[in-house]
file coords-v7.pdb (PDB, C-alpha atoms)
ATOM      1  CA  MET A 956       4.641  -8.704 -17.516  1.00  0.00           C
ATOM      2  CA  ILE A 957       2.255  -9.331 -14.618  1.00  0.00           C
ATOM      3  CA  PHE A 958       1.647  -6.653 -12.001  1.00  0.00           C
ATOM      4  CA  ASP A 959       0.090  -7.117  -8.620  1.00  0.00           C
ATOM      5  CA  CYS A 960      -2.254  -4.200  -7.916  1.00  0.00           C
ATOM      6  CA  ASP A 961      -2.254  -3.267  -4.227  1.00  0.00           C
ATOM      7  CA  GLY A 962       1.111  -1.880  -3.149  1.00  0.00           C
ATOM      8  CA  VAL A 963       2.628  -2.194  -6.629  1.00  0.00           C
ATOM      9  CA  LEU A 964       0.404  -0.061  -8.847  1.00  0.00           C
ATOM     10  CA  VAL A 965      -1.656   1.711  -6.193  1.00  0.00           C
ATOM     11  CA  ASP A 966      -0.694   2.749  -2.673  1.00  0.00           C
ATOM     12  CA  SER A 967      -3.660   0.995  -1.067  1.00  0.00           C
ATOM     13  CA  GLU A 968      -2.056  -1.206   1.575  1.00  0.00           C
ATOM     14  CA  PRO A 969      -1.825   1.444   4.342  1.00  0.00           C
ATOM     15  CA  LEU A 970      -5.451   2.414   3.688  1.00  0.00           C
ATOM     16  CA  SER A 971      -6.934  -1.066   3.562  1.00  0.00           C
ATOM     17  CA  ASN A 972      -4.975  -2.380   6.513  1.00  0.00           C
ATOM     18  CA  ARG A 973      -5.786   0.668   8.648  1.00  0.00           C
ATOM     19  CA  ILE A 974      -9.488   0.072   8.101  1.00  0.00           C
ATOM     20  CA  LEU A 975      -9.199  -3.688   8.609  1.00  0.00           C
ATOM     21  CA  ALA A 976      -7.189  -3.293  11.814  1.00  0.00           C
ATOM     22  CA  GLU A 977      -9.707  -0.823  13.225  1.00  0.00           C
ATOM     23  CA  ARG A 978     -12.642  -3.102  12.442  1.00  0.00           C
ATOM     24  CA  LEU A 979     -10.946  -6.222  13.820  1.00  0.00           C
ATOM     25  CA  THR A 980     -10.084  -4.409  17.022  1.00  0.00           C
ATOM     26  CA  ALA A 981     -13.696  -3.262  17.339  1.00  0.00           C
ATOM     27  CA  ILE A 982     -14.993  -6.853  17.293  1.00  0.00           C
ATOM     28  CA  GLY A 983     -12.554  -8.086  19.916  1.00  0.00           C
ATOM     29  CA  LEU A 984      -9.434  -9.016  17.964  1.00  0.00           C
ATOM     30  CA  PRO A 985      -6.915  -6.259  18.805  1.00  0.00           C
ATOM     31  CA  THR A 986      -4.861  -5.676  15.666  1.00  0.00           C
ATOM     32  CA  THR A 987      -2.389  -2.961  14.694  1.00  0.00           C
ATOM     33  CA  VAL A 988      -1.918  -1.712  11.149  1.00  0.00           C
ATOM     34  CA  GLU A 989       1.539  -3.290  11.144  1.00  0.00           C
ATOM     35  CA  GLU A 990       0.138  -6.669  12.206  1.00  0.00           C
ATOM     36  CA  SER A 991      -2.586  -6.478   9.586  1.00  0.00           C
ATOM     37  CA  MET A 992      -0.048  -5.758   6.851  1.00  0.00           C
ATOM     38  CA  ARG A 993       2.219  -8.559   8.053  1.00  0.00           C
ATOM     39  CA  ASP A 994      -0.528 -11.168   8.143  1.00  0.00           C
ATOM     40  CA  PHE A 995      -2.998 -10.195   5.416  1.00  0.00           C
ATOM     41  CA  MET A 996      -1.150  -8.205   2.751  1.00  0.00           C
ATOM     42  CA  GLY A 997      -1.243  -9.869  -0.640  1.00  0.00           C
ATOM     43  CA  ARG A 998      -3.836 -12.480   0.326  1.00  0.00           C
ATOM     44  CA  SER A 999      -7.385 -12.965  -0.917  1.00  0.00           C
ATOM     45  CA  TRP A1000     -10.324 -12.023   1.304  1.00  0.00           C
ATOM     46  CA  ALA A1001     -11.278 -15.710   1.601  1.00  0.00           C
ATOM     47  CA  THR A1002      -7.812 -16.507   2.971  1.00  0.00           C
ATOM     48  CA  CYS A1003      -7.861 -13.498   5.299  1.00  0.00           C
ATOM     49  CA  ARG A1004     -11.315 -14.380   6.575  1.00  0.00           C
ATOM     50  CA  ALA A1005     -10.291 -17.950   7.383  1.00  0.00           C
ATOM     51  CA  LEU A1006      -7.254 -16.727   9.324  1.00  0.00           C
ATOM     52  CA  ILE A1007      -9.268 -14.084  11.189  1.00  0.00           C
ATOM     53  CA  GLU A1008     -11.953 -16.579  12.198  1.00  0.00           C
ATOM     54  CA  GLN A1009      -9.314 -19.031  13.358  1.00  0.00           C
ATOM     55  CA  ARG A1010      -7.868 -16.359  15.641  1.00  0.00           C
ATOM     56  CA  LEU A1011     -11.269 -15.159  16.818  1.00  0.00           C
ATOM     57  CA  GLY A1012     -12.436 -18.672  17.539  1.00  0.00           C
ATOM     58  CA  ARG A1013     -15.804 -17.896  15.950  1.00  0.00           C
ATOM     59  CA  PRO A1014     -17.265 -16.776  12.633  1.00  0.00           C
ATOM     60  CA  LEU A1015     -17.065 -13.117  11.719  1.00  0.00           C
ATOM     61  CA  PRO A1016     -20.287 -11.142  12.122  1.00  0.00           C
ATOM     62  CA  GLU A1017     -22.482 -11.531   9.039  1.00  0.00           C
ATOM     63  CA  ASP A1018     -22.169  -7.856   8.120  1.00  0.00           C
ATOM     64  CA  PHE A1019     -18.417  -7.592   8.729  1.00  0.00           C
ATOM     65  CA  ALA A1020     -17.233  -8.154   5.147  1.00  0.00           C
ATOM     66  CA  ASP A1021     -19.836  -5.850   3.625  1.00  0.00           C
ATOM     67  CA  GLY A1022     -19.104  -3.086   6.133  1.00  0.00           C
ATOM     68  CA  TYR A1023     -15.351  -3.399   5.674  1.00  0.00           C
ATOM     69  CA  HIS A1024     -15.527  -3.327   1.887  1.00  0.00           C
ATOM     70  CA  GLU A1025     -17.992  -0.449   1.822  1.00  0.00           C
ATOM     71  CA  GLU A1026     -15.714   1.680   3.997  1.00  0.00           C
ATOM     72  CA  LEU A1027     -12.676   0.559   2.016  1.00  0.00           C
ATOM     73  CA  TYR A1028     -14.134   1.474  -1.383  1.00  0.00           C
ATOM     74  CA  GLU A1029     -15.138   4.900  -0.105  1.00  0.00           C
ATOM     75  CA  ALA A1030     -11.597   5.472   1.168  1.00  0.00           C
ATOM     76  CA  LEU A1031     -10.071   4.262  -2.097  1.00  0.00           C
ATOM     77  CA  ARG A1032     -12.169   6.670  -4.160  1.00  0.00           C
ATOM     78  CA  ARG A1033     -11.376   9.548  -1.800  1.00  0.00           C
ATOM     79  CA  GLU A1034      -7.736   9.022  -0.834  1.00  0.00           C
ATOM     80  CA  LEU A1035      -5.992   6.511  -3.090  1.00  0.00           C
ATOM     81  CA  GLN A1036      -2.845   7.508  -4.993  1.00  0.00           C
ATOM     82  CA  PRO A1037      -0.735   5.577  -7.505  1.00  0.00           C
ATOM     83  CA  VAL A1038       2.540   4.178  -6.239  1.00  0.00           C
ATOM     84  CA  ALA A1039       5.222   6.835  -6.635  1.00  0.00           C
ATOM     85  CA  GLY A1040       6.876   6.660 -10.049  1.00  0.00           C
ATOM     86  CA  VAL A1041       4.751   3.814 -11.399  1.00  0.00           C
ATOM     87  CA  GLN A1042       3.288   5.749 -14.354  1.00  0.00           C
ATOM     88  CA  ALA A1043       6.746   6.685 -15.616  1.00  0.00           C
ATOM     89  CA  ALA A1044       7.927   3.107 -15.134  1.00  0.00           C
ATOM     90  CA  LEU A1045       4.983   1.752 -17.135  1.00  0.00           C
ATOM     91  CA  ASP A1046       5.694   4.249 -19.909  1.00  0.00           C
ATOM     92  CA  ALA A1047       9.320   3.159 -20.042  1.00  0.00           C
ATOM     93  CA  ILE A1048       8.782  -0.607 -19.956  1.00  0.00           C
ATOM     94  CA  GLY A1049       6.866  -0.926 -23.202  1.00  0.00           C
ATOM     95  CA  VAL A1050       6.051  -4.662 -22.977  1.00  0.00           C
ATOM     96  CA  PRO A1051       2.622  -6.345 -22.799  1.00  0.00           C
ATOM     97  CA  ALA A1052       1.365  -6.010 -19.240  1.00  0.00           C
ATOM     98  CA  CYS A1053      -1.594  -7.131 -17.171  1.00  0.00           C
ATOM     99  CA  VAL A1054      -2.821  -7.077 -13.575  1.00  0.00           C
ATOM    100  CA  ALA A1055      -3.214 -10.145 -11.337  1.00  0.00           C
ATOM    101  CA  SER A1056      -4.513  -9.292  -7.886  1.00  0.00           C
ATOM    102  CA  SER A1057      -5.851 -11.068  -4.825  1.00  0.00           C
ATOM    103  CA  GLY A1058      -8.550  -8.402  -4.667  1.00  0.00           C
ATOM    104  CA  ALA A1059     -12.073  -8.795  -5.959  1.00  0.00           C
ATOM    105  CA  PRO A1060     -12.707  -7.445  -9.486  1.00  0.00           C
ATOM    106  CA  GLU A1061     -14.678  -4.484  -8.126  1.00  0.00           C
ATOM    107  CA  LYS A1062     -11.834  -3.503  -5.819  1.00  0.00           C
ATOM    108  CA  ILE A1063      -9.231  -3.781  -8.570  1.00  0.00           C
ATOM    109  CA  ARG A1064     -11.264  -1.636 -10.962  1.00  0.00           C
ATOM    110  CA  THR A1065     -12.084   0.890  -8.239  1.00  0.00           C
ATOM    111  CA  SER A1066      -8.408   1.216  -7.331  1.00  0.00           C
ATOM    112  CA  LEU A1067      -7.161   1.519 -10.901  1.00  0.00           C
ATOM    113  CA  GLY A1068      -9.954   3.912 -11.802  1.00  0.00           C
ATOM    114  CA  ALA A1069      -9.275   6.182  -8.825  1.00  0.00           C
ATOM    115  CA  THR A1070      -5.616   6.511  -9.828  1.00  0.00           C
ATOM    116  CA  GLY A1071      -6.025   6.934 -13.590  1.00  0.00           C
ATOM    117  CA  LEU A1072      -4.495   3.538 -14.377  1.00  0.00           C
ATOM    118  CA  LEU A1073      -7.581   1.617 -15.474  1.00  0.00           C
ATOM    119  CA  GLU A1074      -7.342   2.322 -19.196  1.00  0.00           C
ATOM    120  CA  ARG A1075      -3.746   1.075 -19.225  1.00  0.00           C
ATOM    121  CA  PHE A1076      -4.924  -2.416 -18.265  1.00  0.00           C
ATOM    122  CA  GLU A1077      -8.495  -2.590 -19.563  1.00  0.00           C
ATOM    123  CA  GLY A1078      -9.246  -6.115 -20.768  1.00  0.00           C
ATOM    124  CA  ARG A1079      -6.167  -7.490 -19.009  1.00  0.00           C
ATOM    125  CA  ILE A1080      -7.272  -7.516 -15.359  1.00  0.00           C
ATOM    126  CA  PHE A1081      -7.406 -10.794 -13.447  1.00  0.00           C
ATOM    127  CA  SER A1082      -8.587 -11.588  -9.917  1.00  0.00           C
ATOM    128  CA  ALA A1083      -7.938 -14.468  -7.542  1.00  0.00           C
ATOM    129  CA  THR A1084     -11.713 -14.985  -7.559  1.00  0.00           C
ATOM    130  CA  GLU A1085     -11.197 -16.634 -10.958  1.00  0.00           C
ATOM    131  CA  VAL A1086      -9.157 -19.543  -9.568  1.00  0.00           C
ATOM    132  CA  GLU A1087      -9.557 -22.144  -6.850  1.00  0.00           C
ATOM    133  CA  HIS A1088      -6.556 -21.187  -4.747  1.00  0.00           C
ATOM    134  CA  GLY A1089      -5.244 -17.655  -4.188  1.00  0.00           C
ATOM    135  CA  LYS A1090      -1.678 -16.578  -3.532  1.00  0.00           C
ATOM    136  CA  PRO A1091       0.707 -18.075  -2.380  1.00  0.00           C
ATOM    137  CA  ALA A1092      -0.589 -20.855  -4.647  1.00  0.00           C
ATOM    138  CA  PRO A1093       0.501 -20.384  -8.286  1.00  0.00           C
ATOM    139  CA  ASP A1094      -3.027 -20.785  -9.695  1.00  0.00           C
ATOM    140  CA  LEU A1095      -3.684 -17.127 -10.507  1.00  0.00           C
ATOM    141  CA  PHE A1096      -0.397 -16.542 -12.303  1.00  0.00           C
ATOM    142  CA  LEU A1097      -0.721 -19.755 -14.318  1.00  0.00           C
ATOM    143  CA  HIS A1098      -4.277 -18.740 -15.228  1.00  0.00           C
ATOM    144  CA  VAL A1099      -3.038 -15.336 -16.379  1.00  0.00           C
ATOM    145  CA  ALA A1100      -0.249 -16.830 -18.494  1.00  0.00           C
ATOM    146  CA  ALA A1101      -2.721 -19.149 -20.193  1.00  0.00           C
ATOM    147  CA  ARG A1102      -5.184 -16.340 -20.866  1.00  0.00           C
ATOM    148  CA  MET A1103      -2.437 -14.086 -22.222  1.00  0.00           C
ATOM    149  CA  GLY A1104      -0.973 -16.853 -24.372  1.00  0.00           C
ATOM    150  CA  ALA A1105       2.429 -16.741 -22.671  1.00  0.00           C
ATOM    151  CA  GLU A1106       4.727 -19.426 -21.333  1.00  0.00           C
ATOM    152  CA  PRO A1107       5.152 -19.103 -17.537  1.00  0.00           C
ATOM    153  CA  ALA A1108       8.947 -19.105 -17.855  1.00  0.00           C
ATOM    154  CA  ALA A1109       8.725 -16.057 -20.121  1.00  0.00           C
ATOM    155  CA  CYS A1110       6.671 -14.050 -17.619  1.00  0.00           C
ATOM    156  CA  VAL A1111       7.898 -11.451 -15.143  1.00  0.00           C
ATOM    157  CA  VAL A1112       5.859 -10.857 -11.986  1.00  0.00           C
ATOM    158  CA  VAL A1113       6.048  -7.653  -9.929  1.00  0.00           C
ATOM    159  CA  GLU A1114       4.947  -8.227  -6.336  1.00  0.00           C
ATOM    160  CA  ASP A1115       5.302  -6.521  -2.970  1.00  0.00           C
ATOM    161  CA  ALA A1116       4.097  -9.279  -0.633  1.00  0.00           C
ATOM    162  CA  PRO A1117       5.816 -12.555   0.280  1.00  0.00           C
ATOM    163  CA  ALA A1118       2.649 -14.503  -0.580  1.00  0.00           C
ATOM    164  CA  GLY A1119       2.628 -13.015  -4.080  1.00  0.00           C
ATOM    165  CA  ALA A1120       6.338 -13.582  -4.574  1.00  0.00           C
ATOM    166  CA  ALA A1121       5.897 -17.206  -3.521  1.00  0.00           C
ATOM    167  CA  ALA A1122       3.034 -17.593  -6.005  1.00  0.00           C
ATOM    168  CA  GLY A1123       5.156 -16.234  -8.842  1.00  0.00           C
ATOM    169  CA  ARG A1124       8.068 -18.481  -7.987  1.00  0.00           C
ATOM    170  CA  ARG A1125       5.829 -21.551  -7.773  1.00  0.00           C
ATOM    171  CA  ALA A1126       4.432 -20.663 -11.191  1.00  0.00           C
ATOM    172  CA  GLY A1127       7.966 -20.784 -12.594  1.00  0.00           C
ATOM    173  CA  MET A1128       8.135 -17.062 -13.305  1.00  0.00           C
ATOM    174  CA  ASP A1129      10.789 -14.418 -12.744  1.00  0.00           C
ATOM    175  CA  VAL A1130       9.741 -12.403  -9.673  1.00  0.00           C
ATOM    176  CA  LEU A1131      10.642  -8.796  -8.936  1.00  0.00           C
ATOM    177  CA  GLY A1132       9.960  -7.771  -5.330  1.00  0.00           C
ATOM    178  CA  TYR A1133       9.050  -4.155  -4.606  1.00  0.00           C
ATOM    179  CA  ALA A1134      10.369  -3.576  -1.097  1.00  0.00           C
ATOM    180  CA  GLU A1135       8.660  -0.298  -0.208  1.00  0.00           C
ATOM    181  CA  LEU A1136       6.464  -1.699   2.573  1.00  0.00           C
ATOM    182  CA  THR A1137       7.935  -5.185   2.940  1.00  0.00           C
ATOM    183  CA  ALA A1138      11.272  -6.147   4.450  1.00  0.00           C
ATOM    184  CA  PRO A1139      13.587  -7.035   1.541  1.00  0.00           C
ATOM    185  CA  ALA A1140      14.688 -10.255   3.251  1.00  0.00           C
ATOM    186  CA  LEU A1141      11.116 -11.564   3.230  1.00  0.00           C
ATOM    187  CA  LEU A1142      10.843 -11.082  -0.527  1.00  0.00           C
ATOM    188  CA  GLU A1143      14.321 -12.468  -1.156  1.00  0.00           C
ATOM    189  CA  ALA A1144      13.403 -15.553   0.864  1.00  0.00           C
ATOM    190  CA  GLU A1145      10.690 -16.239  -1.713  1.00  0.00           C
ATOM    191  CA  GLY A1146      13.119 -15.952  -4.622  1.00  0.00           C
ATOM    192  CA  ALA A1147      12.393 -12.374  -5.665  1.00  0.00           C
ATOM    193  CA  ARG A1148      14.897  -9.923  -7.088  1.00  0.00           C
ATOM    194  CA  VAL A1149      14.356  -6.945  -4.818  1.00  0.00           C
ATOM    195  CA  PHE A1150      14.104  -3.297  -5.838  1.00  0.00           C
ATOM    196  CA  ARG A1151      13.135  -0.250  -3.781  1.00  0.00           C
ATOM    197  CA  SER A1152      12.116   2.385  -6.328  1.00  0.00           C
ATOM    198  CA  MET A1153       9.917   2.221  -9.410  1.00  0.00           C
ATOM    199  CA  ALA A1154      12.687   4.086 -11.218  1.00  0.00           C
ATOM    200  CA  GLU A1155      14.679   0.819 -11.074  1.00  0.00           C
ATOM    201  CA  LEU A1156      11.948  -1.300 -12.648  1.00  0.00           C
ATOM    202  CA  PRO A1157      12.435  -0.665 -16.394  1.00  0.00           C
ATOM    203  CA  ALA A1158      16.083  -1.719 -16.272  1.00  0.00           C
ATOM    204  CA  LEU A1159      15.193  -4.868 -14.325  1.00  0.00           C
ATOM    205  CA  VAL A1160      12.510  -5.802 -16.835  1.00  0.00           C
ATOM    206  CA  THR A1161      14.693  -5.292 -19.892  1.00  0.00           C
ATOM    207  CA  GLY A1162      17.464  -7.327 -18.302  1.00  0.00           C
ATOM    208  CA  SER A1163      19.987  -4.494 -18.250  1.00  0.00           C
ATOM    209  CA  ALA A1164      20.157  -4.654 -14.462  1.00  0.00           C
ATOM    210  CA  PRO A1165      22.331  -7.275 -12.764  1.00  0.00           C
ATOM    211  CA  ARG A1166      20.496 -10.523 -11.991  1.00  0.00           C
TER     212      ARG A1166
END

call {"tool": "encode", "arguments": {"input": "coords-v7.pdb", "output": "structure tokens"}}
result
Amino acid sequence: MIFDCDGVLVDSEPLSNRILAERLTAIGLPTTVEESMRDFMGRSWATCRALIEQRLGRPLPEDFADGYHEELYEALRRELQPVAGVQAALDAIGVPACVASSGAPEKIRTSLGATGLLERFEGRIFSATEVEHGKPAPDLFLHVAARMGAEPAACVVVEDAPAGAAAGRRAGMDVLGYAELTAPALLEAEGARVFRSMAELPALVTGSAPR
């Protein structure tokens, strides 16, 4: 069982994209929170940076990434909450689980620590910084399967972003798409089985829900 972090375990996407949109707008790239979530959610910072610089037509200011991440980490520690119902879902699932996120290791640990979820996944936390290509490439999920000693076809991925769903599908894994912040059709287009409440997740994982 492989969980994305942002938007699946922790409700960080509105926070991180609010801050990113504000900072992009301030440097001359007007961006709404909705546009930031549409374009950057579920992607690594390296991928986001490349896309931002392409749109800007110039490199980001040297201090942009540090300033963004500093503000983001402060907001995560102060405001972050777990996704509604995720603790109960984790309790009910009862299968080996790990985290595979596009975020940097520090961000993942900060987010899980702020929401009381860190000890659930200690020693089983993986970042896209560990592989050459981030989501939507399958590299991270294949890396996780190898590290966990599992066959990709036996793995279930829980994702909330199309890029993550695409990565899971390309890795040959079963993908469950959490459609709280993402249009269900976008997740379905990437081969995910969509659900809208964490209360639905245990039944989907155990196979008692319709496929």

call {"tool": "residues_around", "arguments": {"input": "coords-v7.pdb", "residues": "Ile1048 of chain A", "least_positions_apart": "6", "cutoff": "10 Å", "atoms": "only C-alpha atoms", "output": "NGL selection string"}}
result
:A and (956 or 1156-1161)

call {"tool": "closest_residue", "arguments": {"input": "coords-v7.pdb", "among": "A:Ser1057, A:Gly1123, A:Ile957, A:Asp1046", "to": "Met1103 of chain A", "atoms": "only C-alpha atoms"}}
result
A:Ile957

call {"tool": "closest_atom_pairs", "arguments": {"input": "coords-v7.pdb", "of": "segment 986-1063 of chain A", "to": "segment 1092-1098 of chain A", "cutoff": "12 Å", "atoms": "all atoms listed in the file", "output": "CSV"}}
result
residue,atom,partner,partner_atom,distance
A:Gly997,CA,A:Ala1092,CA,11.7
A:Arg998,CA,A:Ala1092,CA,10.3
A:Ser999,CA,A:Ala1092,CA,11.1
A:Thr1002,CA,A:Ala1092,CA,11.4
A:Cys1053,CA,A:Phe1096,CA,10.7
A:Val1054,CA,A:Phe1096,CA,9.9
A:Ala1055,CA,A:Leu1095,CA,7.0
A:Ser1056,CA,A:Leu1095,CA,8.3
A:Ser1057,CA,A:Leu1095,CA,8.6
A:Gly1058,CA,A:Leu1095,CA,11.6

call {"tool": "atom_distance", "arguments": {"input": "coords-v7.pdb", "atom1": "atom CA of Glu990 of chain A", "atom2": "atom CA of Pro1060 of chain A"}}
result
25.2 Å

call {"tool": "atom_distance", "arguments": {"input": "coords-v7.pdb", "atom1": "atom CA of His1088 of chain A", "atom2": "atom CA of Asn972 of chain A"}}
result
22.0 Å

call {"tool": "closest_residue", "arguments": {"input": "coords-v7.pdb", "among": "A:Ala1047, A:Ala1052, A:Val1099, A:Ala1144", "to": "Phe1076 of chain A", "atoms": "all atoms listed in the file"}}
result
A:Ala1052

call {"tool": "resolve_selection", "arguments": {"input": "coords-v7.pdb", "expression": "the PyMOL selection byres ((chain A and resi 1035) around 8)", "output": "PyMOL selection string"}}
result
chain A and resi 965-967+970+1030-1034+1036-1037+1066+1069-1070

call {"tool": "residues_near_point", "arguments": {"input": "coords-v7.pdb", "point": "(4.7, 7.7, -16.0)", "cutoff": "12 Å", "atoms": "only C-alpha atoms", "output": "PyMOL selection string"}}
result
chain A and resi 964+1037-1049+1071-1072+1075+1153-1154+1157

call {"tool": "residues_around", "arguments": {"input": "coords-v7.pdb", "residues": "Phe1150 of chain A", "least_positions_apart": "5", "cutoff": "12 Å", "atoms": "only C-alpha atoms", "output": "list in words"}}
result
Val963, Val1113, Glu1114, Asp1115, Val1130, Leu1131, Gly1132, Tyr1133, Ala1134, Glu1135, Leu1136, Thr1137, Ala1138, Pro1139, Ala1140, Leu1142, Glu1143, Glu1155, Leu1156, Pro1157, Ala1158, Leu1159, Val1160, Ala1164, Pro1165 and Arg1166 of chain A

call {"tool": "axis_aligned_box", "arguments": {"input": "coords-v7.pdb", "around": "segment 972-985 of chain A", "padding_each_side": "5 Å", "output": "JSON"}}
result
{"center_x": -10.0, "center_y": -4.2, "center_z": 13.2, "size_x": 20.0, "size_y": 19.7, "size_z": 23.4}

call {"tool": "closest_residue", "arguments": {"input": "coords-v7.pdb", "among": "A:Asp959, A:Glu1106, A:Glu977, A:Glu1026", "to": "Ser1082 of chain A", "atoms": "only C-alpha atoms"}}
result
A:Asp959

call {"tool": "resolve_selection", "arguments": {"input": "coords-v7.pdb", "expression": "the PyMOL selection byres ((chain A and resi 1010-1012) around 12)", "output": "PyMOL selection string"}}
result
chain A and resi 979-980+982-986+994+1003-1009+1013-1016

call {"tool": "closest_residue", "arguments": {"input": "coords-v7.pdb", "among": "A:Phe958, A:Tyr1028, A:Tyr1023, A:Trp1000", "to": "Gly1119 of chain A", "atoms": "all atoms listed in the file"}}
result
A:Phe958

call {"tool": "closest_residue", "arguments": {"input": "coords-v7.pdb", "among": "A:Gly1022, A:Gly1104, A:Gly1078, A:Pro1117", "to": "Phe995 of chain A", "atoms": "only C-alpha atoms"}}
result
A:Pro1117

call {"tool": "atom_distance", "arguments": {"input": "coords-v7.pdb", "atom1": "atom CA of Phe1081 of chain A", "atom2": "atom CA of Glu1017 of chain A"}}
result
27.1 Å

call {"tool": "residues_around", "arguments": {"input": "coords-v7.pdb", "residues": "Glu989 of chain A", "least_positions_apart": "2", "cutoff": "9 Å", "atoms": "all atoms listed in the file", "output": "list of chain:residue names"}}
result
A:Pro969, A:Asn972, A:Arg973, A:Ala976, A:Thr986, A:Thr987, A:Ser991, A:Met992, A:Arg993, A:Asp994

call {"tool": "build_atoms", "arguments": {"input": "coords-v7.pdb", "residues": "segment 1025-1037 of chain A", "atoms": "N, CA and C atoms", "output": "PDB file, in the coordinates of the input"}}
result
ATOM      1  N   GLU A1025     -17.345  -1.727   2.103  1.00  0.00           N
ATOM      2  CA  GLU A1025     -17.992  -0.449   1.822  1.00  0.00           C
ATOM      3  C   GLU A1025     -17.117   0.719   2.277  1.00  0.00           C
ATOM      4  N   GLU A1026     -16.586   0.625   3.491  1.00  0.00           N
ATOM      5  CA  GLU A1026     -15.714   1.680   3.997  1.00  0.00           C
ATOM      6  C   GLU A1026     -14.431   1.763   3.170  1.00  0.00           C
ATOM      7  N   LEU A1027     -13.905   0.595   2.795  1.00  0.00           N
ATOM      8  CA  LEU A1027     -12.676   0.559   2.016  1.00  0.00           C
ATOM      9  C   LEU A1027     -12.857   1.226   0.658  1.00  0.00           C
ATOM     10  N   TYR A1028     -13.930   0.900  -0.064  1.00  0.00           N
ATOM     11  CA  TYR A1028     -14.134   1.474  -1.383  1.00  0.00           C
ATOM     12  C   TYR A1028     -14.307   2.984  -1.312  1.00  0.00           C
ATOM     13  N   GLU A1029     -14.992   3.460  -0.279  1.00  0.00           N
ATOM     14  CA  GLU A1029     -15.138   4.900  -0.105  1.00  0.00           C
ATOM     15  C   GLU A1029     -13.781   5.561   0.104  1.00  0.00           C
ATOM     16  N   ALA A1030     -12.928   4.926   0.917  1.00  0.00           N
ATOM     17  CA  ALA A1030     -11.597   5.472   1.168  1.00  0.00           C
ATOM     18  C   ALA A1030     -10.728   5.429  -0.084  1.00  0.00           C
ATOM     19  N   LEU A1031     -10.845   4.364  -0.860  1.00  0.00           N
ATOM     20  CA  LEU A1031     -10.071   4.262  -2.097  1.00  0.00           C
ATOM     21  C   LEU A1031     -10.442   5.383  -3.063  1.00  0.00           C
ATOM     22  N   ARG A1032     -11.729   5.614  -3.235  1.00  0.00           N
ATOM     23  CA  ARG A1032     -12.169   6.670  -4.160  1.00  0.00           C
ATOM     24  C   ARG A1032     -11.735   8.055  -3.681  1.00  0.00           C
ATOM     25  N   ARG A1033     -11.662   8.228  -2.383  1.00  0.00           N
ATOM     26  CA  ARG A1033     -11.376   9.548  -1.800  1.00  0.00           C
ATOM     27  C   ARG A1033      -9.887   9.810  -1.641  1.00  0.00           C
ATOM     28  N   GLU A1034      -9.115   8.800  -1.279  1.00  0.00           N
ATOM     29  CA  GLU A1034      -7.736   9.022  -0.834  1.00  0.00           C
ATOM     30  C   GLU A1034      -6.657   8.354  -1.685  1.00  0.00           C
ATOM     31  N   LEU A1035      -7.009   7.352  -2.469  1.00  0.00           N
ATOM     32  CA  LEU A1035      -5.992   6.511  -3.090  1.00  0.00           C
ATOM     33  C   LEU A1035      -5.129   7.267  -4.091  1.00  0.00           C
ATOM     34  N   GLN A1036      -3.819   6.957  -4.060  1.00  0.00           N
ATOM     35  CA  GLN A1036      -2.845   7.508  -4.993  1.00  0.00           C
ATOM     36  C   GLN A1036      -2.092   6.367  -5.674  1.00  0.00           C
ATOM     37  N   PRO A1037      -1.594   6.592  -6.897  1.00  0.00           N
ATOM     38  CA  PRO A1037      -0.735   5.577  -7.505  1.00  0.00           C
ATOM     39  C   PRO A1037       0.580   5.472  -6.745  1.00  0.00           C
TER      40      PRO A1037
END
